[in-house]
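Participant: Quick one: the structure is below, and I'll ask about it shortly.
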Number of protein chains: 2
Amino acid sequence: MSVHDDASFTLPLSVPVERKLQVALFVCPGFFLPDNIGLQTVFGVLPNVDLHLVWKNRDEIAGAPRFTTRATTTFAECPKALDVLHVPAIPPRVMEDKESLAFLAEYGGRAAWLSGVCAGALMLGAAGLLKGYRATTNFHLHDQLPYYGAIPTQGNVVEDRNRLTSGPVSGGFDLALRLIGRLWGDELARECELEMEYAPEPPYGTGSPELAGPERTARSLQRMAPLIEEMRQVGIRASRRLEIA
Amino acid sequence: MSVHDDASFTLPLSVPVERKLQVALFVCPGFFLPDNIGLQTVFGVLPNVDLHLVWKNRDEIAGAPRFTTRATTTFAECPKALDVLHVPAIPPRVMEDKESLAFLAEYGGRAAWLSGVCAGALMLGAAGLLKGYRATTNFHLHDQLPYYGAIPTQGNVVEDRNRLTSGPVSGGFDLALRLIGRLWGDELARECELEMEYAPEPPYGTGSPELAGPERTARSLQRMAPLIEEMRQVGIRASRRLEIA
């Protein structure tokens, strides 16, 4: 994991070779890169994986925080049968973009596994993919899951049938390793976790409402109130569109 | 952290306003994005930070795993006085690139704080910035630190004076939060850790040699042997150039 002669650096791990895994990560203007990086890292360094960054076109886009990139694969070019389709946090306007919602509904409905981190979990919901599923998202938005017909559930990663959702910024790593376990077996996932040396040590121990305590949590919710409210309006409109009771 | 109207999404946290922090992340063809993402996330969403992705030019480059981006700032444009200069893992050829080494030696020598993750820690060493400093890197390369005059030290993050180094793929998050604490105080860092909900739960508990056990560790070192040896040759040449005894 430490040296890379070119952008196609591949870990020399033994994986099933019958066919290439097809993994698609949703990207768009303003997408939140940290929510994708776990899956991009794990699936991007494994052999025998086609990793797609999917969007409407291959124009250069500005993501957050502060970088540019471009999709590798357009919606039209995306393989019809995906092994994994993953969605990161995206701006509210994309959460109501008809073309994006239609793509996710169609390709997500067929995908073997679906995952979302942070507001990406709500985007799965906005595409109608979480109705009746237990799910989570970051704590600021957790109470908005019912707008999408999802069953709000506590947990760093919540797995219900073939849907995995997570709130934390590191949730993409946790999700990706679980997906490797489901797709290619637990021992390969254990080896991946070692190769990446995924052994985080958060220095302050305040990375959740429970750890940070009620006062810091209340201040955070207050600071984020305008954004939380904007997302609530997105959720209310989604709930009408999806005919959630 | 969950909704972003554009690529310049900023967390509404109170930070010192006297002057903007100048934070530079090294990028280059083949750089390993996960090693930068922690700092890119934390410093990229805070107000009053100029976050620079620095390289020789602003041409589009392919990083690992499998994406393209471009620098925001060239070596020539980089602010002379940096608050933080950070280096991710980069390909062996860049570790011996004279222009890159000269840039890091000059700007790193002046920076208030220096950090490196994975082979990025060795790149700090290659620029002559770790002589006599305690340091760490990922476990595959840990025994190569002495080629650079560094004192190999165990730890998820090793901090010696103004140099912070880390091995794990999540080390950039651990480093970034520590740097926020040093620069702007522990309470702001605690708030950042909560806002990001940085509460990882590695699903397999095998993310270090100690956790994975000697057999998995030996298999990993064997798999990676060609890359480890290539890096060793880079280290041996660096040790001559730096006149390390």
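Identifiers in this document derive from the order of the structure tokens: chains are assigned A, B, ..., residues are numbered from 1 separately in each chain, and ligands are numbered from 1 in order of occurrence.
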Define the interface residues of chain A facing chain B as those within 7 Å, counting only C-alpha atoms, and report them as number ranges by chain.
Facilitator: A: 2-9, 12, 30, 34, 37, 40-41, 44-45, 62-70, 89-92, 118-119, 156, 168-171, 174, 177-178, 190, 193-204, 206-208, 212, 220, 223, 227
Participant: Keeping only C-alpha atoms, write the selected residues to a file as an mmCIF file, in the first residue's frame.
Facilitator:
```cif
data_model
loop_
_atom_site.group_PDB
_atom_site.id
_atom_site.type_symbol
_atom_site.label_atom_id
_atom_site.label_comp_id
_atom_site.auth_asym_id
_atom_site.auth_seq_id
_atom_site.Cartn_x
_atom_site.Cartn_y
_atom_site.Cartn_z
ATOM 1 C CA SER A 2 2.950 2.253 0.350
ATOM 2 C CA VAL A 3 4.566 2.525 -3.032
ATOM 3 C CA HIS A 4 2.855 3.069 -6.316
ATOM 4 C CA ASP A 5 4.507 3.294 -9.626
ATOM 5 C CA ASP A 6 1.480 4.645 -11.342
ATOM 6 C CA ALA A 7 -2.159 5.352 -10.808
ATOM 7 C CA SER A 8 -3.075 1.718 -11.443
ATOM 8 C CA PHE A 9 -1.217 0.429 -8.361
ATOM 9 C CA PRO A 12 -0.901 -8.444 -4.993
ATOM 10 C CA GLY A 30 -19.938 19.290 -4.866
ATOM 11 C CA PRO A 34 -14.206 11.634 2.135
ATOM 12 C CA ILE A 37 -12.530 7.390 -0.227
ATOM 13 C CA GLN A 40 -12.246 4.038 -3.679
ATOM 14 C CA THR A 41 -9.229 2.868 -1.677
ATOM 15 C CA GLY A 44 -9.274 0.661 -6.179
ATOM 16 C CA VAL A 45 -6.212 -1.282 -5.053
ATOM 17 C CA ALA A 62 -15.213 20.526 -8.347
ATOM 18 C CA GLY A 63 -15.767 18.263 -5.356
ATOM 19 C CA ALA A 64 -15.521 19.023 -1.661
ATOM 20 C CA PRO A 65 -13.334 19.774 0.051
ATOM 21 C CA ARG A 66 -11.530 21.826 -2.563
ATOM 22 C CA PHE A 67 -10.343 19.646 -5.402
ATOM 23 C CA THR A 68 -11.295 18.775 -8.937
ATOM 24 C CA THR A 69 -11.758 15.439 -10.607
ATOM 25 C CA ARG A 70 -13.876 13.874 -13.327
ATOM 26 C CA ALA A 89 -22.938 13.061 0.514
ATOM 27 C CA ILE A 90 -23.978 15.341 -2.324
ATOM 28 C CA PRO A 91 -25.471 18.837 -2.443
ATOM 29 C CA PRO A 92 -29.234 19.235 -1.887
ATOM 30 C CA CYS A 118 -23.696 10.493 5.380
ATOM 31 C CA ALA A 119 -26.257 12.290 3.170
ATOM 32 C CA ASN A 156 -21.681 2.942 12.863
ATOM 33 C CA PRO A 168 -19.184 8.743 10.145
ATOM 34 C CA VAL A 169 -16.555 10.209 7.811
ATOM 35 C CA SER A 170 -14.607 6.955 8.170
ATOM 36 C CA GLY A 171 -17.739 4.904 7.461
ATOM 37 C CA ASP A 174 -15.909 0.262 7.452
ATOM 38 C CA LEU A 177 -14.232 -3.896 4.208
ATOM 39 C CA ARG A 178 -17.615 -5.401 5.074
ATOM 40 C CA ARG A 190 -8.963 -9.195 7.077
ATOM 41 C CA GLU A 193 -7.581 -4.258 6.650
ATOM 42 C CA LEU A 194 -3.993 -5.210 7.486
ATOM 43 C CA GLU A 195 -2.508 -4.084 4.141
ATOM 44 C CA MET A 196 -4.071 -0.652 4.612
ATOM 45 C CA GLU A 197 -3.092 -0.684 8.269
ATOM 46 C CA TYR A 198 -6.613 0.511 9.030
ATOM 47 C CA ALA A 199 -6.115 1.021 12.746
ATOM 48 C CA PRO A 200 -7.445 4.502 13.476
ATOM 49 C CA GLU A 201 -6.882 6.227 16.783
ATOM 50 C CA PRO A 202 -9.108 9.316 16.959
ATOM 51 C CA PRO A 203 -7.008 11.645 19.101
ATOM 52 C CA TYR A 204 -9.784 13.310 21.089
ATOM 53 C CA THR A 206 -15.307 12.978 20.661
ATOM 54 C CA GLY A 207 -16.375 11.479 17.329
ATOM 55 C CA SER A 208 -20.021 10.759 18.159
ATOM 56 C CA ALA A 212 -18.783 14.187 22.765
ATOM 57 C CA SER A 220 -23.083 21.205 16.717
ATOM 58 C CA ARG A 223 -24.354 25.489 14.212
ATOM 59 C CA LEU A 227 -28.163 23.079 6.577
#
```
Participant: Run DSSP on the backbone and tell me which residues of range 14-71 of chain B come out as alpha helix (DSSP H); list them as a ChimeraX atom specification.
Facilitator: /B:34-45
Participant: Please provide the set of residues having any atom within 8 Å of Gly116 in chain A, restricted to only C-alpha atoms, with same-chain residues fewer than 4 positions apart removed, written as JSON, numbers by chain.
Facilitator: {"A": [86, 87, 88, 120, 121, 122, 123, 124, 164, 165, 166]}
Participant: If you run DSSP on this backbone, which residues of chain A come out as strand (DSSP E), and could you give them as a PyMOL selection string?
Facilitator: chain A and resi 21-26+49-55+60-63+67-70+73-74+84-87+113-117+134-135+151-152+157-160+163-166
Participant: Could you state the separation of CA of Pro47 in chain B and CA of Asp160 in chain B in Å, given to one decimal place?
Facilitator: 27.5 Å
Participant: What gap, in Å, lies between CA of Ala105 in chain B and CA of Pro16 in chain B?
Facilitator: 28.8 Å
Participant: Excluding Arg19 in chain B and any residue of its chain fewer than 3 positions from it, enumerate the residues within 10 Å of it, using only C-alpha atoms, and give them as JSON, numbers by chain.
Facilitator: {"B": [16, 22, 48, 49]}
Participant: Ranking B:Trp184, B:Lys131, B:Leu145, B:Pro214 by minimum distance to Glu243 in chain B and counting only C-alpha atoms, which one comes first?
Facilitator: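 Closest candidate: B:Lys131.
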Participant: What lies within 8 Å of Leu101 in chain A using only C-alpha atoms, ignoring chain neighbours under 6 positions off, as an NGL selection string?
Facilitator: :A and (95 or 126-127)
Participant: Report the distance between CA of Asp143 in chain B and CA of Ala238 in chain B in Å, rounded to one decimal place.
Facilitator: 14.5 Å
